[in-house]
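A.B. asks: Below you'll find structure.txt; it's compact mmCIF, C-alpha atoms.
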```txt
# COMPACT_ATOMS: atom_id res chain seq x y z
CA HIS G 1 -0.59 6.69 -13.75
CA CYS G 2 1.94 7.60 -11.05
CA GLU G 3 4.04 4.60 -11.97
CA ARG G 4 4.15 5.64 -15.64
CA GLU G 5 5.35 9.08 -14.52
CA ARG G 6 8.06 7.49 -12.42
CA GLU G 7 9.15 5.37 -15.39
CA ALA G 8 9.39 8.45 -17.58
CA ILE G 9 11.46 10.24 -14.94
CA TYR G 10 13.67 7.16 -14.66
CA GLU G 11 14.34 7.14 -18.41
CA ILE G 12 15.26 10.84 -18.38
CA ARG G 13 17.62 10.34 -15.45
CA MET G 14 19.21 7.34 -17.13
CA MET G 15 19.89 9.36 -20.28
CA LYS G 16 21.46 12.14 -18.21
CA SER G 17 23.56 9.62 -16.31
CA ARG G 18 24.88 8.05 -19.52
CA LEU G 19 25.57 11.49 -20.98
CA ARG G 20 27.61 12.48 -17.90
CA VAL G 21 29.68 9.34 -18.23
CA ARG G 22 30.28 9.87 -21.96
CA LEU G 23 31.26 13.51 -21.46
CA GLY G 24 33.54 12.56 -18.64
CA MET G 25 35.25 9.95 -20.74
CA VAL G 26 35.65 12.32 -23.69
CA ALA G 27 37.22 14.92 -21.42
CA LEU G 28 39.67 12.35 -20.16
CA VAL G 29 40.82 10.84 -23.45
CA GLY G 30 44.48 10.14 -23.02
CA ALA G 31 44.26 10.35 -19.22
CA THR G 32 44.46 7.44 -16.81
CA THR G 33 41.82 4.73 -16.66
CA GLY G 34 41.07 5.50 -13.01
CA PHE G 35 38.35 8.03 -13.87
CA VAL G 36 35.35 6.05 -12.67
CA SER G 37 37.11 4.81 -9.54
CA ALA G 38 38.08 8.35 -8.59
CA GLN G 39 34.43 9.40 -8.80
CA GLN G 40 33.37 6.61 -6.43
CA VAL G 41 36.01 6.98 -3.69
CA ALA G 42 34.70 7.86 -0.23
CA GLN G 43 34.28 11.55 0.56
CA HIS G 44 33.89 13.05 4.03
CA ALA G 45 31.50 15.67 2.65
CA ARG G 46 28.96 12.96 1.83
CA ALA G 47 29.05 11.48 5.33
CA LEU G 48 29.27 14.65 7.45
CA PRO G 49 25.46 15.15 7.57
CA PHE G 50 25.33 11.82 9.45
CA SER G 51 28.12 12.62 11.92
CA GLY G 52 26.89 12.73 15.52
CA THR G 53 23.43 11.35 14.64
CA TRP G 54 21.20 8.37 15.22
CA GLY G 55 18.38 6.77 13.29
CA VAL G 56 16.22 3.67 12.94
CA ARG G 57 15.64 0.82 10.52
CA ILE G 58 12.42 -1.07 9.85
CA LEU G 59 12.11 -4.12 7.59
CA LEU G 60 9.05 -3.32 5.52
CA PRO G 61 6.88 -5.83 3.64
CA THR G 62 7.52 -6.58 -0.03
CA ALA G 63 5.72 -8.50 -2.76
CA TYR G 64 6.64 -11.66 -0.80
CA ASP G 65 4.06 -10.94 1.87
CA LYS G 66 1.19 -11.20 -0.60
CA SER G 67 2.46 -13.65 -3.23
CA VAL G 68 4.11 -16.19 -0.91
CA THR G 69 2.20 -15.64 2.34
CA PRO G 70 -1.24 -14.46 1.13
CA ARG G 71 -2.73 -14.77 4.62
CA ALA G 72 -0.39 -12.12 5.97
CA ALA G 73 -2.52 -9.28 7.37
CA VAL G 74 -0.06 -6.60 6.23
CA ASN G 75 1.72 -6.49 2.89
CA ALA G 76 3.20 -3.99 0.46
CA GLU G 77 -0.21 -3.27 -1.05
CA ASN G 78 -2.00 -2.33 2.19
CA PHE G 79 0.70 -1.18 4.64
CA ASP G 80 -0.60 1.88 6.50
CA ILE G 81 2.15 4.51 6.11
CA ASP G 82 0.21 7.10 8.11
CA ALA G 83 0.09 4.75 11.10
CA PHE G 84 3.84 4.20 10.90
CA MET G 85 4.47 7.94 10.61
CA LYS G 86 2.69 8.45 13.94
CA GLN G 87 5.52 6.46 15.51
CA ILE G 88 8.21 8.22 13.49
CA ASP G 89 6.84 11.62 14.51
CA GLN G 90 7.49 10.79 18.15
CA LEU G 91 11.20 10.24 17.48
CA THR G 92 12.00 13.92 17.23
CA SER G 93 15.79 13.60 17.37
CA ILE G 94 16.42 11.01 14.66
CA ASN G 95 18.36 12.00 11.57
CA HIS G 96 17.55 9.13 9.23
CA VAL G 97 15.38 6.10 8.61
CA MET G 98 16.65 3.01 6.83
CA ILE G 99 14.12 1.05 4.76
CA ASN G 100 14.46 -1.92 2.42
CA ILE G 101 13.87 -2.16 -1.32
CA GLY G 102 14.15 -6.00 -1.34
CA ARG G 103 13.16 -8.61 1.23
CA GLY G 104 16.04 -7.95 3.58
CA HIS G 105 18.86 -10.50 3.48
CA GLN G 106 16.88 -12.63 1.03
CA ALA G 107 16.46 -9.90 -1.63
CA SER G 108 14.44 -11.38 -4.55
CA TRP G 109 11.04 -9.82 -3.66
CA TYR G 110 10.77 -6.04 -3.93
CA SER G 111 8.70 -3.18 -2.54
CA SER G 112 8.54 -1.10 -5.73
CA PRO G 113 7.40 -1.93 -9.28
CA TYR G 114 9.99 -2.68 -11.95
CA PRO G 115 8.00 -3.27 -15.19
CA LYS G 116 10.90 -4.53 -17.31
CA MET G 117 12.03 -7.03 -14.70
CA GLU G 118 8.43 -8.11 -14.12
CA THR G 119 8.26 -9.28 -17.72
CA ILE G 120 11.39 -11.35 -17.14
CA MET G 121 10.85 -12.73 -13.65
CA GLY G 122 7.07 -12.53 -13.26
CA ARG G 123 4.79 -10.18 -11.35
CA SER G 124 4.91 -12.15 -8.10
CA LEU G 125 8.25 -10.53 -7.17
CA PHE G 126 7.03 -6.93 -7.51
CA PRO G 127 4.02 -5.10 -6.03
CA LYS G 128 1.49 -3.09 -8.01
CA ARG G 129 1.73 -0.24 -5.51
CA ASP G 130 4.89 1.85 -5.34
CA PHE G 131 5.02 1.27 -1.62
CA PHE G 132 8.72 2.11 -1.40
CA GLY G 133 8.24 5.42 -3.23
CA GLU G 134 5.33 6.43 -1.00
CA MET G 135 7.38 5.63 2.10
CA VAL G 136 10.35 7.66 0.83
CA ASP G 137 8.09 10.65 0.18
CA ALA G 138 6.51 10.44 3.64
CA LEU G 139 9.94 10.39 5.31
CA ARG G 140 11.31 13.23 3.21
CA ASP G 141 8.22 15.31 3.98
CA ARG G 142 9.50 15.17 7.56
CA ASP G 143 13.00 16.30 6.55
CA LEU G 144 14.40 12.88 7.38
CA LYS G 145 17.24 11.34 5.42
CA VAL G 146 16.48 8.04 3.71
CA LEU G 147 18.90 5.12 3.73
CA VAL G 148 18.21 1.91 1.83
CA TYR G 149 19.12 -1.63 2.80
CA PHE G 150 19.92 -3.76 -0.26
CA SER G 151 21.14 -7.35 -0.34
CA GLY G 152 23.94 -7.81 -2.87
CA THR G 153 22.51 -11.10 -4.13
CA GLY G 154 19.61 -9.40 -5.93
CA MET G 155 17.93 -12.63 -6.95
CA ASP G 156 18.77 -15.37 -4.45
CA ALA G 157 18.90 -19.08 -5.29
CA GLY G 158 18.55 -19.87 -1.60
CA TYR G 159 15.00 -18.49 -1.52
CA LEU G 160 13.57 -18.35 -5.04
CA SER G 161 12.22 -21.47 -6.74
CA LYS G 162 14.25 -23.42 -9.28
CA ALA G 163 11.92 -22.20 -12.05
CA GLN G 164 12.40 -18.57 -11.01
CA MET G 165 16.17 -18.95 -10.92
CA GLU G 166 16.11 -20.48 -14.39
CA LYS G 167 14.39 -17.32 -15.63
CA TRP G 168 17.08 -15.20 -13.97
CA LYS G 169 19.91 -17.24 -15.46
CA ALA G 170 18.28 -17.13 -18.91
CA HIS G 171 18.01 -13.35 -18.64
CA LEU G 172 21.68 -13.02 -17.71
CA GLN G 173 22.75 -15.29 -20.54
CA ALA G 174 20.57 -13.56 -23.15
CA SER G 175 21.82 -10.14 -22.04
CA GLU G 176 25.44 -11.34 -21.78
CA LEU G 177 25.63 -10.25 -18.16
CA THR G 178 27.47 -11.68 -15.20
CA ARG G 179 25.48 -12.21 -12.01
CA ALA G 180 26.96 -9.05 -10.49
CA GLU G 181 26.20 -7.03 -13.61
CA GLY G 182 22.60 -8.24 -13.54
CA VAL G 183 22.18 -7.27 -9.89
CA ALA G 184 23.89 -3.92 -10.55
CA GLN G 185 21.22 -3.21 -13.17
CA ILE G 186 18.50 -3.74 -10.54
CA LEU G 187 20.40 -1.54 -8.12
CA GLU G 188 20.90 1.19 -10.72
CA TYR G 189 17.27 1.04 -11.81
CA TYR G 190 16.05 1.85 -8.31
CA ALA G 191 18.88 4.31 -7.59
CA VAL G 192 18.07 6.31 -10.71
CA LYS G 193 14.31 5.96 -10.29
CA TYR G 194 14.41 7.73 -6.91
CA GLY G 195 17.50 9.89 -7.54
CA ASP G 196 18.46 12.24 -4.74
CA LYS G 197 15.45 11.22 -2.66
CA ILE G 198 17.77 8.44 -1.44
CA ASP G 199 20.61 9.67 0.75
CA GLY G 200 22.53 6.44 1.11
CA TRP G 201 22.72 2.66 0.79
CA TRP G 202 23.75 -0.17 3.13
CA ILE G 203 24.73 -3.09 0.88
CA ASP G 204 24.73 -6.55 2.45
CA ARG G 205 26.61 -9.73 1.51
CA CYS G 206 29.58 -8.11 -0.21
CA GLY G 207 32.30 -10.23 1.38
CA ALA G 208 32.60 -12.80 -1.42
CA MET G 209 32.42 -10.25 -4.23
CA LYS G 210 35.38 -9.24 -6.36
CA PRO G 211 36.70 -5.65 -6.01
CA ALA G 212 35.53 -4.80 -9.53
CA GLU G 213 32.03 -6.01 -8.65
CA ARG G 214 31.90 -3.80 -5.57
CA GLU G 215 32.94 -0.83 -7.70
CA LEU G 216 30.18 -1.75 -10.14
CA TYR G 217 27.64 -1.49 -7.31
CA ALA G 218 29.05 1.89 -6.24
CA LYS G 219 28.74 3.18 -9.80
CA ALA G 220 25.15 1.93 -10.00
CA ILE G 221 24.23 3.73 -6.77
CA ARG G 222 25.84 7.00 -7.72
CA ALA G 223 24.22 7.00 -11.15
CA GLY G 224 21.15 8.03 -9.17
CA ASN G 225 22.75 10.37 -6.64
CA GLU G 226 26.44 11.15 -6.77
CA ASN G 227 26.30 12.28 -3.14
CA ALA G 228 24.70 9.11 -1.77
CA ILE G 229 26.68 7.56 1.06
CA ILE G 230 27.56 3.87 0.80
CA ALA G 231 28.41 1.10 3.26
CA MET G 232 29.29 -2.43 2.13
CA HIS G 233 29.08 -5.22 4.69
CA MET G 234 32.33 -7.17 4.77
CA LYS G 235 32.81 -8.26 8.39
CA THR G 236 31.21 -8.37 11.84
CA GLY G 237 32.14 -7.04 15.25
CA SER G 238 35.30 -5.18 16.20
CA PRO G 239 37.37 -3.73 14.73
CA ILE G 240 34.94 -1.74 12.61
CA ARG G 241 36.40 -1.26 9.14
CA GLN G 242 35.68 0.72 6.01
CA GLY G 243 34.32 -1.94 3.67
CA THR G 244 35.81 -0.70 0.41
CA PRO G 245 37.45 2.49 -0.91
CA TYR G 246 33.96 3.51 -2.08
CA CYS G 247 32.40 3.37 1.40
CA ASP G 248 31.63 6.68 3.09
CA PHE G 249 30.50 5.00 6.32
CA THR G 250 31.20 1.68 7.99
CA ALA G 251 28.68 -1.16 7.92
CA GLY G 252 29.02 -1.60 11.70
CA HIS G 253 27.50 -5.08 11.91
CA PRO G 254 27.72 -6.50 15.47
CA VAL G 255 28.99 -9.91 16.53
CA PRO G 256 26.70 -12.44 14.76
CA MET G 257 23.51 -12.94 16.73
CA LYS G 258 23.78 -16.70 16.22
CA ARG G 259 26.72 -16.53 18.62
CA GLN G 260 25.71 -13.80 21.05
CA PRO G 261 22.85 -11.30 21.48
CA PRO G 262 23.60 -7.76 20.28
CA TRP G 263 23.77 -6.45 23.85
CA THR G 264 26.81 -8.68 24.56
CA SER G 265 29.72 -6.88 26.18
CA ASN G 266 31.85 -8.02 23.25
CA ASN G 267 30.21 -5.30 21.16
CA VAL G 268 31.50 -2.54 23.47
CA ALA G 269 34.71 -2.61 21.42
CA MET G 270 32.73 -1.33 18.45
CA ILE G 271 31.71 1.73 20.43
CA GLU G 272 35.34 2.25 21.40
CA ASN G 273 36.38 1.96 17.73
CA VAL G 274 34.16 4.94 16.90
CA GLU G 275 35.37 6.86 19.92
CA ALA G 276 38.95 6.42 18.69
CA GLY G 277 37.92 7.82 15.29
CA PRO G 278 35.34 8.66 14.18
CA TRP G 279 36.93 8.34 10.72
CA ILE G 280 38.11 4.78 10.05
CA THR G 281 40.17 3.10 7.31
CA GLN G 282 39.89 -0.29 5.61
CA SER G 283 42.40 -1.64 8.11
CA GLY G 284 40.20 -0.49 11.01
CA LYS G 285 42.53 2.30 12.09
CA PRO G 286 41.36 5.81 13.04
CA ASP G 287 42.37 8.28 10.33
CA ASP G 288 40.73 11.65 9.68
CA ARG G 289 42.30 12.09 6.26
CA GLU G 290 40.07 12.26 3.19
CA GLY G 291 39.06 8.86 1.85
CA SER G 292 38.32 7.22 5.21
CA ALA G 293 34.80 6.26 6.33
CA LEU G 294 32.58 7.62 9.10
CA GLY G 295 32.38 5.18 12.00
CA ALA G 296 28.82 3.86 12.06
CA ILE G 297 27.06 1.09 13.96
CA PHE G 298 24.00 -0.80 12.70
CA MET G 299 22.52 -3.05 15.39
CA PRO G 300 19.22 -4.77 16.24
CA LEU G 301 17.36 -3.72 19.38
CA GLN G 302 16.18 -7.30 19.84
CA ALA G 303 17.84 -10.73 19.67
CA GLN G 304 17.69 -10.95 15.85
CA TRP G 305 17.40 -8.50 12.97
CA ARG G 306 13.67 -8.95 12.34
CA ASN G 307 12.41 -10.70 15.47
CA GLY G 308 13.47 -12.34 18.72
CA THR G 309 13.52 -11.45 22.40
CA ALA G 310 13.42 -7.72 23.17
CA GLY G 311 16.16 -8.12 25.76
CA PHE G 312 18.39 -5.13 25.06
CA PRO G 313 18.73 -3.16 28.33
CA THR G 314 17.36 0.32 27.65
CA ASP G 315 20.00 2.12 29.72
CA GLN G 316 22.71 0.31 27.80
CA ALA G 317 21.11 1.22 24.45
CA ILE G 318 20.98 4.88 25.52
CA GLU G 319 24.60 4.81 26.66
CA TRP G 320 25.88 3.23 23.44
CA THR G 321 23.85 5.58 21.26
CA THR G 322 25.01 8.75 22.99
CA ARG G 323 28.63 7.61 23.22
CA VAL G 324 28.75 7.10 19.47
CA MET G 325 27.01 10.41 18.84
CA ASP G 326 29.36 12.25 21.21
CA ALA G 327 32.31 10.77 19.29
CA GLY G 328 30.91 12.11 16.02
CA GLY G 329 29.81 8.71 14.74
CA MET G 330 26.46 7.39 13.55
CA TYR G 331 24.11 4.84 15.18
CA THR G 332 21.20 3.03 13.53
CA TRP G 333 18.88 0.74 15.49
CA ALA G 334 17.12 -2.06 13.59
CA ILE G 335 13.66 -2.61 15.03
CA ALA G 336 11.38 -5.61 14.60
CA ARG G 337 8.13 -4.85 12.77
CA VAL G 338 4.68 -5.82 14.01
CA GLY G 339 1.88 -5.00 11.59
CA ASN G 340 2.15 -1.40 10.40
CA GLY G 341 5.00 -0.30 12.60
CA PHE G 342 7.68 -0.96 15.17
CA ALA G 343 7.19 -3.74 17.73
CA PRO G 344 5.55 -2.08 20.80
CA ARG G 345 8.21 -2.88 23.42
CA GLN G 346 11.10 -1.77 21.20
CA PHE G 347 9.22 1.36 20.21
CA GLN G 348 8.93 2.35 23.85
CA GLN G 349 12.68 1.87 24.12
CA LEU G 350 13.15 4.16 21.12
CA VAL G 351 11.01 6.80 22.83
CA LYS G 352 13.33 6.63 25.85
CA ILE G 353 16.44 6.84 23.66
CA ASN G 354 14.90 9.84 21.93
CA ALA G 355 14.20 11.54 25.29
CA ALA G 356 17.79 10.97 26.38
CA VAL G 357 19.14 12.41 23.13
CA GLU G 358 16.86 15.45 23.37
CA SER G 359 17.99 16.01 26.98
CA ARG G 360 21.63 15.70 25.88
CA SER G 361 21.06 18.27 23.12
CA ALA G 362 19.42 20.68 25.59
CA ARG G 363 22.39 20.41 27.95
CA GLN G 364 24.84 21.01 25.13
CA SER G 365 22.96 24.11 23.99
CA LEU G 366 23.42 25.63 27.44
CA LYS G 367 27.20 25.27 27.40
```
Go through the file and emit its structure as structure tokens.
C.D. replies:
Amino acid sequence: HCEREREAIYEIRMMKSRLRVRLGMVALVGATTGFVSAQQVAQHARALPFSGTWGVRILLPTAYDKSVTPRAAVNAENFDIDAFMKQIDQLTSINHVMINIGRGHQASWYSSPYPKMETIMGRSLFPKRDFFGEMVDALRDRDLKVLVYFSGTGMDAGYLSKAQMEKWKAHLQASELTRAEGVAQILEYYAVKYGDKIDGWWIDRCGAMKPAERELYAKAIRAGNENAIIAMHMKTGSPIRQGTPYCDFTAGHPVPMKRQPPWTSNNVAMIENVEAGPWITQSGKPDDREGSALGAIFMPLQAQWRNGTAGFPTDQAIEWTTRVMDAGGMYTWAIARVGNGFAPRQFQQLVKINAAVESRSARQSLK
């Protein structure tokens, strides 16, 4: 019943979105063709609510955890949101939580129903429960901003079976869509479905895309919320750069963990990039003029994004977080998941980071 209501809301929002575009185009008959691009360009006003803040990311289960690994104790159908919120409630100074709509880097399996795509690709890629929607509501009930991690591949040949990819290719061909257009439809579906409940998106694997395809993704996102902030991952390490003209904040991906752990001293330069800003251009230069992106760092608190040794020194994590916040930037820690929440050791580190941030805020209030 709830899912049917969400579908009805989605259809209404889609009609309004198309109407806005048509009206905008009518109003600009005879004007330049840069209308859509101008609407997508980065705006400081979108990113300012994230300036001087920190937050966390958790990689939540998707349909994969039940359809591909049925013995997994926790999946999208039974994840205990209340248990996870008990951890979130202890992080009293965070500004935002980043969650995933697809299976992280692999995309392909999702954490929210998509009835039309289920008929095309099969039900194994989508859960019955609107796990993503329930999580968004729980976070927003706590006045937390919601960011979404989305892999730009959408449906990934590196992880889906040959038969599944044949279905995807047949859908694209029958609908006369390019791969990017097909993925943009998935992105827009979820963006519109949740509307302004989503405050921003971190889009992975954008480096090989064409500029027009990146703009297509930005348009899809802002069909749901014109004020949603966007980051597109184009490079790693320092210098931090604005991914595209449409990016309101930097992706801030550290030196690849295959080469060095995230706590490597080589990542200090990223902190210094934000301190020189915090507004940064596509060339990686500090520039506080409109159109630049907020300097942001997105980094795992363990050796890899979703697992690995919890070797990040806590004092160093506190220092990097507060330095970025003091500079007016934005820090997001990616935490490994165990069961229904953050891995225990990393969660204790988060509690210590939170205490340091609260103490910092108390000192600043006395000045």
A.B. asks: Let me make sure I understand: among G:Gly308, G:Gly104, G:Gly291, G:Pro49, which one has the smallest atom-to-atom distance to G:Ala343 if we use all atoms listed in the file?
C.D. replies: G:Gly308
A.B. asks: Grab the atom CA of G:Asn95 to atom CA of G:Ala293 distance for me, in Å with one decimal place.
C.D. replies: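 A separation of 18.2 Å between them.
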A.B. asks: Using all atoms listed in the file, find the one residue out of G:Phe126, G:Thr119, G:Ala42, G:Thr264 that sits nearest to G:Lys167.
C.D. replies: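 Of G:Phe126, G:Thr119, G:Ala42, G:Thr264, the one nearest G:Lys167 is G:Thr119, counting all atoms listed in the file.
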A.B. asks: Closest to G:Pro254 among G:Tyr194, G:Asp80, G:Ala334, G:Gly182, using all atoms listed in the file?
C.D. replies: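 Closest to G:Pro254, using all atoms listed in the file: G:Ala334.
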A.B. asks: Box in all listed atoms of stretch 97-110 of chain G, axis-aligned, with 8 Å more on each side; write out centre and edge lengths in Å to one decimal as JSON.
C.D. replies:
```
{"center_x": 14.8, "center_y": -3.3, "center_z": 2.0, "size_x": 24.1, "size_y": 34.7, "size_z": 29.2}
```
A.B. asks: Given the choices G:Ala317, G:Ile240, G:Met121, G:Leu48, which gets closest to G:Ser265 if the distance is worked out from only C-alpha atoms?
C.D. replies: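 Smallest distance to G:Ser265 is found for G:Ala317.
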A.B. asks: Just checking: using all atoms listed in the file, which residue out of G:Ala228, G:Asp326, G:Gly122, G:Arg179 ends up closest to G:Ala163?
C.D. replies: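 Going through G:Ala228, G:Asp326, G:Gly122, G:Arg179 one by one, the smallest distance to G:Ala163 is for G:Gly122.
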A.B. asks: What's around G:Thr332 at 10 Å? Count all atoms listed in the file, leave out sequence neighbours fewer than 4 positions away in its own chain, and write the answer as a list of chain:residue names.
C.D. replies: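 The filter keeps G:Thr53, G:Trp54, G:Gly55, G:Val56, G:Arg57, G:Ile94, G:Asn95, G:His96, G:Val97, G:Met98, G:Gly252, G:Ala296, G:Ile297, G:Phe298, G:Met299, G:Pro300, G:Leu301, G:Thr321.
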A.B. asks: Between atom CA of G:Lys210 and atom CA of G:Ala251, what is the distance in Å, rounded to a tenth?
C.D. replies: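 One can read the atom CA of G:Lys210 to atom CA of G:Ala251 distance as 17.7 Å.
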A.B. asks: Nearest to G:Val41 among G:Thr153, G:Ser112, G:Ser93, G:Asn227, with distances taken over all atoms listed in the file: which residue is it?
C.D. replies: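 Selected residue with least distance to G:Val41: G:Asn227.
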A.B. asks: Residues near G:Ala355, anyone? I mean within 9 Å using all atoms listed in the file, not counting same-chain ones fewer than 4 positions away, as an mmCIF file with C-alpha atoms, in the coordinates of the input.
C.D. replies:
```cif
data_model
loop_
_atom_site.group_PDB
_atom_site.id
_atom_site.type_symbol
_atom_site.label_atom_id
_atom_site.label_comp_id
_atom_site.auth_asym_id
_atom_site.auth_seq_id
_atom_site.Cartn_x
_atom_site.Cartn_y
_atom_site.Cartn_z
ATOM 1 C CA LEU G 91 11.200 10.240 17.480
ATOM 2 C CA THR G 92 12.000 13.920 17.230
ATOM 3 C CA SER G 93 15.790 13.600 17.370
ATOM 4 C CA LEU G 350 13.150 4.160 21.120
ATOM 5 C CA VAL G 351 11.010 6.800 22.830
ATOM 6 C CA SER G 359 17.990 16.010 26.980
ATOM 7 C CA ARG G 360 21.630 15.700 25.880
#
```
A.B. asks: Which polymer residues, whether protein, DNA or RNA, lie within 7 Å of the coordinate (5.6, -8.3, -4.6) when you count only C-alpha atoms? List them as a list of chain:residue names, using the chain letters and numbers from the file.
C.D. replies: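 Residues with an atom at most 7 Å from (5.6, -8.3, -4.6): G:Thr62, G:Ala63, G:Tyr64, G:Lys66, G:Ser67, G:Trp109, G:Tyr110, G:Ser111, G:Ser124, G:Leu125, G:Phe126, G:Pro127.
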A.B. asks: Quick check, in Å to one decimal: how far apart do atom CA of G:Gln164 and atom CA of G:Arg129 lie?
C.D. replies: 21.9 Å
A.B. asks: Is there a way to get, as a ChimeraX atom specification, all residues within 9 Å of the point (42.5, 2.3, 4.5) in file coordinates, counting all atoms listed in the file?
C.D. replies: /G:241-242,244-245,280-285,287,291-293
